[in-house]
Structures are given as C-alpha cells and as structure tokens.
file run.txt (compact mmCIF, C-alpha atoms)
# COMPACT_ATOMS: atom_id res chain seq x y z
CA MET A 69 7.88 -105.17 -33.74
CA LEU A 70 9.27 -104.83 -30.25
CA VAL A 71 11.34 -101.90 -31.26
CA SER A 72 8.39 -100.13 -32.69
CA ALA A 73 6.34 -100.99 -29.64
CA CYS A 74 9.02 -99.60 -27.36
CA ASP A 75 9.25 -96.57 -29.49
CA SER A 76 5.55 -95.98 -29.26
CA SER A 77 5.47 -96.47 -25.50
CA ASP A 78 8.36 -94.12 -25.13
CA VAL A 79 6.48 -91.59 -27.09
CA ILE A 80 3.40 -92.12 -24.95
CA ALA A 81 5.45 -91.76 -21.81
CA LEU A 82 6.92 -88.56 -23.06
CA ILE A 83 3.52 -87.16 -23.75
CA ILE A 84 2.15 -88.12 -20.34
CA THR A 85 5.04 -86.77 -18.29
CA PRO A 86 4.80 -83.21 -19.57
CA THR A 87 1.37 -82.76 -17.94
CA PRO A 88 2.86 -82.12 -14.49
CA THR A 89 4.46 -79.03 -15.98
CA PHE A 90 1.13 -77.19 -15.35
CA THR A 91 1.86 -77.32 -11.67
CA PRO A 92 4.14 -74.30 -12.12
CA THR A 93 0.97 -72.26 -11.77
CA ALA A 94 2.78 -71.42 -8.60
CA THR A 95 4.19 -68.73 -10.80
CA PHE A 96 1.09 -66.75 -9.80
CA THR A 97 2.55 -66.54 -6.35
CA PRO A 98 4.29 -63.33 -7.47
CA THR A 99 0.85 -61.87 -6.89
CA PRO A 100 2.21 -60.87 -3.50
CA THR A 101 0.84 -57.47 -4.16
CA VAL A 102 2.72 -56.90 -0.99
CA THR A 103 4.24 -54.29 -3.19
CA GLN A 104 1.23 -52.22 -2.07
CA THR A 105 2.68 -52.22 1.41
CA PRO A 106 4.78 -49.26 0.29
CA THR A 107 1.52 -47.41 0.92
CA PRO A 108 3.27 -46.13 4.00
CA THR A 109 2.54 -42.77 2.50
CA VAL A 110 3.50 -41.96 6.03
CA THR A 111 6.33 -40.26 4.22
CA PRO A 112 4.07 -37.17 3.91
CA THR A 113 4.35 -37.00 7.67
CA PRO A 114 7.44 -34.95 7.06
CA THR A 115 4.98 -32.13 7.63
CA ALA A 116 8.02 -30.88 9.43
CA THR A 117 7.98 -28.56 6.43
CA PRO A 118 5.53 -26.33 8.33
CA THR A 119 8.35 -25.76 10.72
CA SER A 120 10.10 -24.12 7.82
CA LYS A 121 7.45 -21.39 7.91
CA PRO A 122 9.40 -19.39 10.39
CA THR A 123 7.22 -16.48 9.45
CA THR A 124 9.30 -14.88 12.14
CA THR A 125 10.79 -13.13 9.12
CA GLN A 126 7.77 -10.83 9.40
CA THR A 127 9.10 -9.63 12.69
CA HIS A 128 11.67 -7.75 10.66
CA THR A 129 8.91 -5.50 9.36
CA PRO A 130 9.39 -2.99 12.20
CA SER A 131 9.41 0.42 10.58
CA VAL A 132 12.26 0.67 8.17
CA ARG A 133 12.28 4.36 8.94
CA PRO A 134 15.73 5.52 10.06
CA THR A 135 15.74 6.77 13.63
CA VAL A 136 18.22 9.54 12.91
CA ARG A 137 18.36 11.45 9.65
CA THR A 138 21.34 13.54 8.66
CA ASP A 139 20.17 14.85 5.29
CA CYS A 140 17.56 17.27 6.62
CA GLU A 141 17.11 20.56 8.50
CA PRO A 142 16.18 20.43 12.20
CA SER A 143 12.71 21.52 13.27
CA GLY A 144 12.41 24.99 14.77
CA LEU A 145 10.88 28.44 14.47
CA GLN A 146 12.61 29.09 11.13
CA TRP A 147 9.96 26.86 9.52
CA ILE A 148 7.03 29.08 10.54
CA ALA A 149 7.53 31.66 7.79
CA ARG A 150 7.83 29.01 5.08
CA PHE A 151 4.94 27.91 2.90
CA PRO A 152 2.86 30.96 3.94
CA SER A 153 -0.92 30.82 3.98
CA SER A 154 -3.37 33.39 2.60
CA ASN A 155 -6.12 35.40 4.26
CA ALA A 156 -7.75 36.54 1.03
CA THR A 157 -11.12 35.16 -0.05
CA ALA A 158 -9.85 35.40 -3.64
CA ASP A 159 -7.84 32.24 -2.90
CA LEU A 160 -10.96 30.19 -2.12
CA ILE A 161 -12.78 28.02 -4.67
CA PRO A 162 -15.45 30.11 -6.46
CA SER A 163 -18.48 28.33 -4.98
CA PHE A 164 -17.31 28.86 -1.40
CA ARG A 165 -15.83 32.29 -2.02
CA SER A 166 -19.17 33.67 -3.17
CA GLY A 167 -20.94 32.75 0.06
CA ALA A 168 -18.00 33.88 2.21
CA ASP A 169 -17.87 37.32 0.59
CA ARG A 170 -21.62 37.81 1.00
CA PHE A 171 -21.60 36.67 4.65
CA ILE A 172 -18.68 38.96 5.51
CA ALA A 173 -20.40 41.86 3.77
CA ALA A 174 -23.60 41.21 5.77
CA LEU A 175 -21.62 41.11 9.03
CA LYS A 176 -19.91 44.41 8.31
CA ALA A 177 -23.20 45.99 7.22
CA ALA A 178 -24.65 44.94 10.58
CA GLY A 179 -21.82 46.67 12.42
CA ALA A 180 -19.72 43.63 13.32
CA ASN A 181 -15.93 43.63 13.23
CA VAL A 182 -14.47 40.88 11.04
CA LEU A 183 -10.81 39.90 10.99
CA LEU A 184 -9.76 37.27 8.46
CA SER A 185 -6.77 35.26 9.61
CA GLU A 186 -6.57 32.42 7.06
CA THR A 187 -8.23 31.11 3.93
CA TYR A 188 -5.87 29.00 1.79
CA ARG A 189 -3.22 26.88 3.57
CA PRO A 190 -0.58 25.09 1.47
CA ARG A 191 -0.38 21.36 2.11
CA GLU A 192 3.22 21.73 3.24
CA ARG A 193 2.17 24.15 5.96
CA ALA A 194 -0.70 21.85 6.96
CA TYR A 195 1.83 19.03 7.32
CA LEU A 196 4.15 21.13 9.50
CA MET A 197 1.32 22.27 11.77
CA HIS A 198 -0.21 18.80 12.02
CA THR A 199 3.05 17.02 12.85
CA ALA A 200 4.33 19.66 15.27
CA TYR A 201 1.04 19.45 17.16
CA ARG A 202 1.12 15.64 17.32
CA ILE A 203 4.67 15.61 18.67
CA ALA A 204 4.09 18.40 21.19
CA ARG A 205 0.55 17.59 22.39
CA GLU A 206 -0.24 14.01 21.39
CA ASN A 207 3.01 12.31 22.39
CA LEU A 208 4.03 11.27 18.88
CA ASP A 209 7.59 9.94 18.89
CA PRO A 210 9.53 12.27 16.56
CA ARG A 211 11.36 9.22 15.23
CA SER A 212 8.02 7.92 13.92
CA ALA A 213 6.90 11.14 12.26
CA ASP A 214 5.92 10.84 8.62
CA VAL A 215 7.99 12.67 6.03
CA MET A 216 6.63 14.76 3.17
CA ASP A 217 8.18 15.42 -0.20
CA GLY A 218 9.35 18.99 -0.45
CA VAL A 219 9.57 19.49 3.32
CA ASN A 220 13.02 18.34 4.33
CA ILE A 221 12.61 18.67 8.08
CA CYS A 222 14.18 16.59 10.86
CA TRP A 223 11.66 16.26 13.68
CA LEU A 224 14.20 14.43 15.81
CA GLN A 225 16.62 16.82 17.49
CA LYS A 226 20.14 15.79 18.53
CA ASP A 227 22.17 16.82 21.55
CA ALA A 228 25.68 18.30 21.54
CA ARG A 229 27.19 14.83 21.10
CA GLY A 230 24.98 14.02 18.12
CA ASN A 231 22.74 11.64 20.02
CA PRO A 232 18.93 11.61 19.54
CA ASP A 233 17.19 13.93 22.00
CA VAL A 234 13.46 13.19 22.16
CA ALA A 235 12.79 15.69 24.97
CA ALA A 236 14.37 18.53 22.99
CA SER A 237 12.36 17.44 19.94
CA LYS A 238 9.08 17.72 21.83
CA ALA A 239 10.05 21.08 23.30
CA THR A 240 10.89 22.44 19.84
CA ALA A 241 7.61 21.14 18.44
CA GLU A 242 5.75 22.95 21.24
CA LEU A 243 7.45 26.23 20.26
CA MET A 244 6.25 25.70 16.71
CA VAL A 245 2.69 25.04 17.89
CA LEU A 246 2.68 28.29 19.82
CA ALA A 247 4.16 30.22 16.89
CA TYR A 248 1.48 28.84 14.55
CA GLN A 249 -1.12 29.94 17.14
CA ILE A 250 -2.82 26.55 16.95
CA VAL A 251 -5.96 26.33 19.09
CA TYR A 252 -7.48 23.18 17.58
CA PRO A 253 -5.75 19.97 16.40
CA PRO A 254 -4.88 20.81 12.77
CA ALA A 255 -5.86 18.25 10.15
CA LEU A 256 -3.28 16.89 7.77
CA ASN A 257 -5.83 16.99 4.95
CA SER A 258 -7.35 20.36 5.77
CA ARG A 259 -10.28 22.13 4.15
CA HIS A 260 -7.95 25.12 4.07
CA SER A 261 -5.65 23.20 1.72
CA GLU A 262 -8.70 22.48 -0.45
CA ARG A 263 -9.58 26.23 -0.45
CA ARG A 264 -12.90 25.42 1.21
CA ALA A 265 -12.46 27.02 4.65
CA ILE A 266 -11.93 30.36 6.30
CA ASP A 267 -10.72 31.39 9.76
CA MET A 268 -12.06 34.71 11.00
CA THR A 269 -12.67 36.50 14.27
CA ILE A 270 -16.10 38.13 14.57
CA LEU A 271 -17.07 40.61 17.32
CA TRP A 272 -19.93 43.07 17.88
CA GLN A 273 -21.61 45.15 20.58
CA SER A 274 -25.27 45.22 21.66
CA ASP A 275 -27.81 43.50 19.38
CA LEU A 276 -26.76 42.36 15.94
CA LYS A 277 -29.28 42.86 13.14
CA ILE A 278 -28.03 40.92 10.15
CA ALA A 279 -29.61 39.80 6.88
CA ASP A 280 -29.37 36.11 6.03
CA ALA A 281 -28.74 34.89 2.47
CA ASN A 282 -32.47 35.08 1.70
CA GLY A 283 -32.65 38.71 2.70
CA LYS A 284 -34.48 38.04 5.96
CA LEU A 285 -33.40 40.31 8.81
CA ILE A 286 -32.30 38.36 11.86
CA THR A 287 -31.84 40.05 15.23
CA ILE A 288 -29.36 38.38 17.58
CA THR A 289 -29.92 39.54 21.14
CA THR A 290 -27.98 36.89 23.05
CA THR A 291 -24.99 38.14 24.97
CA LEU A 292 -22.43 35.88 23.32
CA ARG A 293 -21.34 38.56 20.88
CA ASN A 294 -18.74 36.77 18.83
CA GLY A 295 -18.29 34.03 16.25
CA ASP A 296 -19.27 31.35 18.78
CA ASN A 297 -22.88 32.54 18.90
CA PRO A 298 -25.21 29.68 17.79
CA GLU A 299 -27.68 32.16 16.28
CA LEU A 300 -24.93 33.56 14.08
CA HIS A 301 -24.05 30.00 13.01
CA LYS A 302 -27.58 29.61 11.63
CA VAL A 303 -27.21 32.81 9.64
CA GLY A 304 -23.82 31.70 8.28
CA ALA A 305 -25.30 28.38 7.16
CA THR A 306 -27.70 30.20 4.82
CA TYR A 307 -24.61 31.53 3.02
CA GLY A 308 -23.05 28.07 2.81
CA LEU A 309 -20.61 28.62 5.70
CA ILE A 310 -20.84 25.88 8.32
CA LYS A 311 -19.27 26.50 11.72
CA LEU A 312 -16.85 24.03 13.31
CA VAL A 313 -17.96 24.62 16.88
CA ASN A 314 -14.81 23.32 18.57
CA ASP A 315 -12.54 25.59 16.52
CA PRO A 316 -13.53 29.21 17.31
CA PRO A 317 -12.47 30.97 14.08
CA HIS A 318 -13.12 28.12 11.64
CA TRP A 319 -15.91 28.00 9.02
CA SER A 320 -16.05 25.73 5.98
CA ASP A 321 -18.47 24.38 3.38
CA ASP A 322 -19.12 21.19 5.38
CA GLY A 323 -18.22 21.98 8.99
CA HIS A 324 -14.81 20.26 8.90
call {"tool": "encode", "arguments": {"input": "run.txt", "output": "structure tokens"}}
result
Amino acid sequence: MLVSACDSSDVIALIITPTPTFTPTATFTPTPTVTQTPTPTVTPTPTATPTSKPTTTQTHTPSVRPTVRTDCEPSGLQWIARFPSSNATADLIPSFRSGADRFIAALKAAGANVLLSETYRPRERAYLMHTAYRIARENLDPRSADVMDGVNICWLQKDARGNPDVAASKATAELMVLAYQIVYPPALNSRHSERRAIDMTILWQSDLKIADANGKLITITTTLRNGDNPELHKVGATYGLIKLVNDPPHWSDDGH
C-alpha cells in the first residue's frame, strides 16, 4: 500500500512540477524587433553618385570641325567662274517668269533701258557668295565656316610655313566679294536658287509712261529715274514682282 501511495504521489509531483515550464514565455523576448533598427536607410545618402555626373564631358562638344583642312582647294578668285548663274528669264519658274517677261516688255515699251544681270543662281554659288561675304564683312572666323557637299573649298588660308593665316583668309574672301559684285548680304537660301528672283538694272529719262498688268497707263514723273523709284515698285507689284528695297537690282515673288 505504501509503495502504491508513494508511486501515486510521485506521479502527482511529476505532474505538478512541469507547470513552471510555461515560464519560458520569455522566448517571446526575441521580439526585439530591434532588427528594424537597420532602417538606417541612411545608406542612400551615398548620393555622392551625383558627383559622378561630371557632365563636364559635355565641355568636349566644342566644334569637332578641324581647324585646318588639307583635302581641299584654297579660296580665291578661281572660284568665281565656277557654278555660273543665269540671266535668262527662261530659267525662272513658270509662274514668276510670266510676270517678269511682261514687266520687262512694258518697261522697254515705255522707253526704259533694262539690263538683266541674274535670274537663276545655283546653290553652290549662293554658298560661295554667302560665306565669302560673312568672312570678309561680318567677321566670321574662316575656321568656323560651314562646308557644303560638292564645293571642296578651304576658307582658311595658310602662310608659307603651313600655319593658319586668318588675316590672309579674310583678305581673300574680300577679293571674292568684290569679284562677285555683291552689294547686299547674299542669302544662303536665296530666291535666285529657287528660280523666283531676278536682278536687273532699270534706267530711263524724263517721264516714264508705263502700263501696269491691268493695262492702266501710269505716268511716273518723279526724278528718281531708276529701279529704286517707289512708283515703279507699285507697277512691278501688279506683275507679281516685289522689290527688295535694300538691294537695288533685286525683285522676287515675295520681296526676299
């Protein structure tokens, strides 16, 4: 009986003692979500990456144009005869040619002298005239001059030692301007190249009685007896020829 009683008490004791095992709820202590402390996302502060944007690389964009070319022909008077222009109205576009022919006929019928100097101008010639003028009169550095396909010209001259000579380049460009007889800054994209312009010298004596495009007789009595006469400009406009006032011989279909 004692043995069984001891056995039962032992069993009871064993059952009671395990209860303290619940105290290990301290296992929840790992909740130190201190792991969140790594939130020092301060790491992004290495915004030192912006320093890597040495966009100073863009400073290398200075014109890639070579300052001295060796595969081209120097500028000079030999270029003047190349890419010749025309002084025939037949080389104008039909719509402009019709008005030009009628206006010229009316001028001659009124007793005026008309000298046609240029109608169509090839784009290559327009480029040569435009660039020569800019170098000679507008201080364009010949080393910065644009190049054009089909016109293998060196605007930058070189001295006897082969060194760039800007002064000689400007002097040569001036000779070309004079040879082209340029009196007004020539456009790179000219109405002449579009066959929509005509240069002509017009002169007369005493009063000029001329018919406009509508057949109305206009008498010009003012003493400015040349193509600069404002009254003549009004007559020309009826034929579709608009005068560019700053360029004495120049007429076009839009005044440019």
call {"tool": "residues_around", "arguments": {"input": "run.txt", "residues": "A:Pro152", "least_positions_apart": "2", "cutoff": "10 Å", "atoms": "all atoms listed in the file", "output": "mmCIF file with C-alpha atoms, in the coordinates of the input"}}
result
data_model
loop_
_atom_site.group_PDB
_atom_site.id
_atom_site.type_symbol
_atom_site.label_atom_id
_atom_site.label_comp_id
_atom_site.auth_asym_id
_atom_site.auth_seq_id
_atom_site.Cartn_x
_atom_site.Cartn_y
_atom_site.Cartn_z
ATOM 1 C CA TRP A 147 9.960 26.860 9.520
ATOM 2 C CA ILE A 148 7.030 29.080 10.540
ATOM 3 C CA ALA A 149 7.530 31.660 7.790
ATOM 4 C CA ARG A 150 7.830 29.010 5.080
ATOM 5 C CA SER A 154 -3.370 33.390 2.600
ATOM 6 C CA TYR A 188 -5.870 29.000 1.790
ATOM 7 C CA ARG A 189 -3.220 26.880 3.570
ATOM 8 C CA PRO A 190 -0.580 25.090 1.470
ATOM 9 C CA GLU A 192 3.220 21.730 3.240
ATOM 10 C CA ARG A 193 2.170 24.150 5.960
#
call {"tool": "residues_around", "arguments": {"input": "run.txt", "residues": "A:Thr187", "least_positions_apart": "6", "cutoff": "10 Å", "atoms": "all atoms listed in the file", "output": "VMD selection string"}}
result
chain A and resid 153 to 160 165 259 to 268 318 to 320
call {"tool": "closest_residue", "arguments": {"input": "run.txt", "among": "A:Val303, A:Val313, A:Cys140, A:Ala204", "to": "A:Met244", "atoms": "only C-alpha atoms"}}
result
A:Ala204
call {"tool": "atom_distance", "arguments": {"input": "run.txt", "atom1": "atom CA of A:Asp275", "atom2": "atom CA of A:Lys302"}}
result
15.9 Å
call {"tool": "closest_residue", "arguments": {"input": "run.txt", "among": "A:Ala279, A:Leu256, A:Ala239, A:Ile286", "to": "A:Arg205", "atoms": "all atoms listed in the file"}}
result
A:Ala239
call {"tool": "closest_residue", "arguments": {"input": "run.txt", "among": "A:Ile172, A:Gln273, A:Ala235, A:Tyr195", "to": "A:Asp217", "atoms": "all atoms listed in the file"}}
result
A:Tyr195
call {"tool": "residues_around", "arguments": {"input": "run.txt", "residues": "A:Asn207", "least_positions_apart": "3", "cutoff": "12 Å", "atoms": "all atoms listed in the file", "output": "list in words"}}
result
Thr199, Ala200, Tyr201, Arg202, Ile203, Ala204, Pro210, Arg211, Ser212, Ala213, Val234, Ala235, Ser237, Lys238, Ala239, Ala241 and Glu242 of chain A
call {"tool": "atom_distance", "arguments": {"input": "run.txt", "atom1": "atom CA of A:Pro142", "atom2": "atom CA of A:Trp223"}}
result
6.3 Å
call {"tool": "atom_distance", "arguments": {"input": "run.txt", "atom1": "atom CA of A:Leu276", "atom2": "atom CA of A:Ala178"}}
result
6.3 Å
call {"tool": "closest_residue", "arguments": {"input": "run.txt", "among": "A:Ser258, A:Asn282, A:Ser274, A:Gln225", "to": "A:His324", "atoms": "all atoms listed in the file"}}
result
A:Ser258
call {"tool": "closest_residue", "arguments": {"input": "run.txt", "among": "A:Asn220, A:Leu285, A:Leu309, A:Leu292", "to": "A:Ala177", "atoms": "all atoms listed in the file"}}
result
A:Leu285
call {"tool": "residues_around", "arguments": {"input": "run.txt", "residues": "A:His198", "least_positions_apart": "4", "cutoff": "6 Å", "atoms": "only C-alpha atoms", "output": "PyMOL selection string"}}
result
chain A and resi 194+254-256
call {"tool": "write_last_selection", "arguments": {"input": "run.txt", "atoms": "C-alpha atoms", "output": "PDB file, keeping the file's coordinate frame"}}
result
ATOM      1  CA  ALA A 194      -0.700  21.850   6.960  1.00  0.00           C
ATOM      2  CA  PRO A 254      -4.880  20.810  12.770  1.00  0.00           C
ATOM      3  CA  ALA A 255      -5.860  18.250  10.150  1.00  0.00           C
ATOM      4  CA  LEU A 256      -3.280  16.890   7.770  1.00  0.00           C
TER       5      LEU A 256
END
call {"tool": "closest_residue", "arguments": {"input": "run.txt", "among": "A:Ile250, A:Gly218, A:Ala174, A:Ala236", "to": "A:Gly283", "atoms": "all atoms listed in the file"}}
result
A:Ala174
call {"tool": "decode", "arguments": {"input": "run.txt", "residues": "stretch 145-159 of chain A", "atoms": "N, CA, C and O atoms", "output": "PDB file, in the first residue's frame"}}
result
ATOM      1  N   LEU A 145      40.056  83.784-106.270  1.00  0.00           N
ATOM      2  CA  LEU A 145      39.302  84.258-107.429  1.00  0.00           C
ATOM      3  C   LEU A 145      38.985  83.159-108.438  1.00  0.00           C
ATOM      4  O   LEU A 145      38.103  83.327-109.281  1.00  0.00           O
ATOM      5  N   GLN A 146      39.701  82.035-108.382  1.00  0.00           N
ATOM      6  CA  GLN A 146      39.440  80.953-109.329  1.00  0.00           C
ATOM      7  C   GLN A 146      38.043  80.347-109.134  1.00  0.00           C
ATOM      8  O   GLN A 146      37.496  79.712-110.039  1.00  0.00           O
ATOM      9  N   TRP A 147      37.437  80.602-107.947  1.00  0.00           N
ATOM     10  CA  TRP A 147      36.117  80.056-107.675  1.00  0.00           C
ATOM     11  C   TRP A 147      34.988  80.863-108.324  1.00  0.00           C
ATOM     12  O   TRP A 147      33.868  80.369-108.468  1.00  0.00           O
ATOM     13  N   ILE A 148      35.268  82.089-108.719  1.00  0.00           N
ATOM     14  CA  ILE A 148      34.213  82.980-109.221  1.00  0.00           C
ATOM     15  C   ILE A 148      33.532  82.434-110.477  1.00  0.00           C
ATOM     16  O   ILE A 148      32.306  82.537-110.629  1.00  0.00           O
ATOM     17  N   ALA A 149      34.312  81.861-111.379  1.00  0.00           N
ATOM     18  CA  ALA A 149      33.745  81.372-112.642  1.00  0.00           C
ATOM     19  C   ALA A 149      33.028  80.031-112.500  1.00  0.00           C
ATOM     20  O   ALA A 149      32.345  79.585-113.431  1.00  0.00           O
ATOM     21  N   ARG A 150      33.128  79.413-111.343  1.00  0.00           N
ATOM     22  CA  ARG A 150      32.519  78.099-111.153  1.00  0.00           C
ATOM     23  C   ARG A 150      31.055  78.219-110.714  1.00  0.00           C
ATOM     24  O   ARG A 150      30.672  79.193-110.096  1.00  0.00           O
ATOM     25  N   PHE A 151      30.279  77.243-111.055  1.00  0.00           N
ATOM     26  CA  PHE A 151      28.850  77.229-110.751  1.00  0.00           C
ATOM     27  C   PHE A 151      28.196  78.523-111.255  1.00  0.00           C
ATOM     28  O   PHE A 151      27.595  79.276-110.476  1.00  0.00           O
ATOM     29  N   PRO A 152      28.311  78.809-112.550  1.00  0.00           N
ATOM     30  CA  PRO A 152      27.810  80.074-113.099  1.00  0.00           C
ATOM     31  C   PRO A 152      26.292  80.222-112.975  1.00  0.00           C
ATOM     32  O   PRO A 152      25.546  79.242-113.004  1.00  0.00           O
ATOM     33  N   SER A 153      25.881  81.460-112.834  1.00  0.00           N
ATOM     34  CA  SER A 153      24.452  81.765-112.746  1.00  0.00           C
ATOM     35  C   SER A 153      23.913  82.065-114.138  1.00  0.00           C
ATOM     36  O   SER A 153      24.663  82.105-115.115  1.00  0.00           O
ATOM     37  N   SER A 154      22.603  82.300-114.211  1.00  0.00           N
ATOM     38  CA  SER A 154      21.957  82.609-115.492  1.00  0.00           C
ATOM     39  C   SER A 154      21.325  83.995-115.422  1.00  0.00           C
ATOM     40  O   SER A 154      20.979  84.477-114.341  1.00  0.00           O
ATOM     41  N   ASN A 155      21.183  84.634-116.577  1.00  0.00           N
ATOM     42  CA  ASN A 155      20.469  85.918-116.623  1.00  0.00           C
ATOM     43  C   ASN A 155      19.285  85.825-117.582  1.00  0.00           C
ATOM     44  O   ASN A 155      18.773  86.842-118.045  1.00  0.00           O
ATOM     45  N   ALA A 156      18.852  84.592-117.843  1.00  0.00           N
ATOM     46  CA  ALA A 156      17.720  84.379-118.747  1.00  0.00           C
ATOM     47  C   ALA A 156      16.447  84.110-117.956  1.00  0.00           C
ATOM     48  O   ALA A 156      16.445  83.312-117.015  1.00  0.00           O
ATOM     49  N   THR A 157      15.355  84.772-118.351  1.00  0.00           N
ATOM     50  CA  THR A 157      14.087  84.542-117.658  1.00  0.00           C
ATOM     51  C   THR A 157      13.574  83.126-117.917  1.00  0.00           C
ATOM     52  O   THR A 157      12.731  82.622-117.163  1.00  0.00           O
ATOM     53  N   ALA A 158      14.085  82.471-118.939  1.00  0.00           N
ATOM     54  CA  ALA A 158      13.673  81.090-119.233  1.00  0.00           C
ATOM     55  C   ALA A 158      14.050  80.148-118.096  1.00  0.00           C
ATOM     56  O   ALA A 158      13.480  79.051-117.977  1.00  0.00           O
ATOM     57  N   ASP A 159      14.985  80.552-117.250  1.00  0.00           N
ATOM     58  CA  ASP A 159      15.421  79.711-116.138  1.00  0.00           C
ATOM     59  C   ASP A 159      14.631  79.963-114.857  1.00  0.00           C
ATOM     60  O   ASP A 159      14.958  79.399-113.808  1.00  0.00           O
TER      61      ASP A 159
END
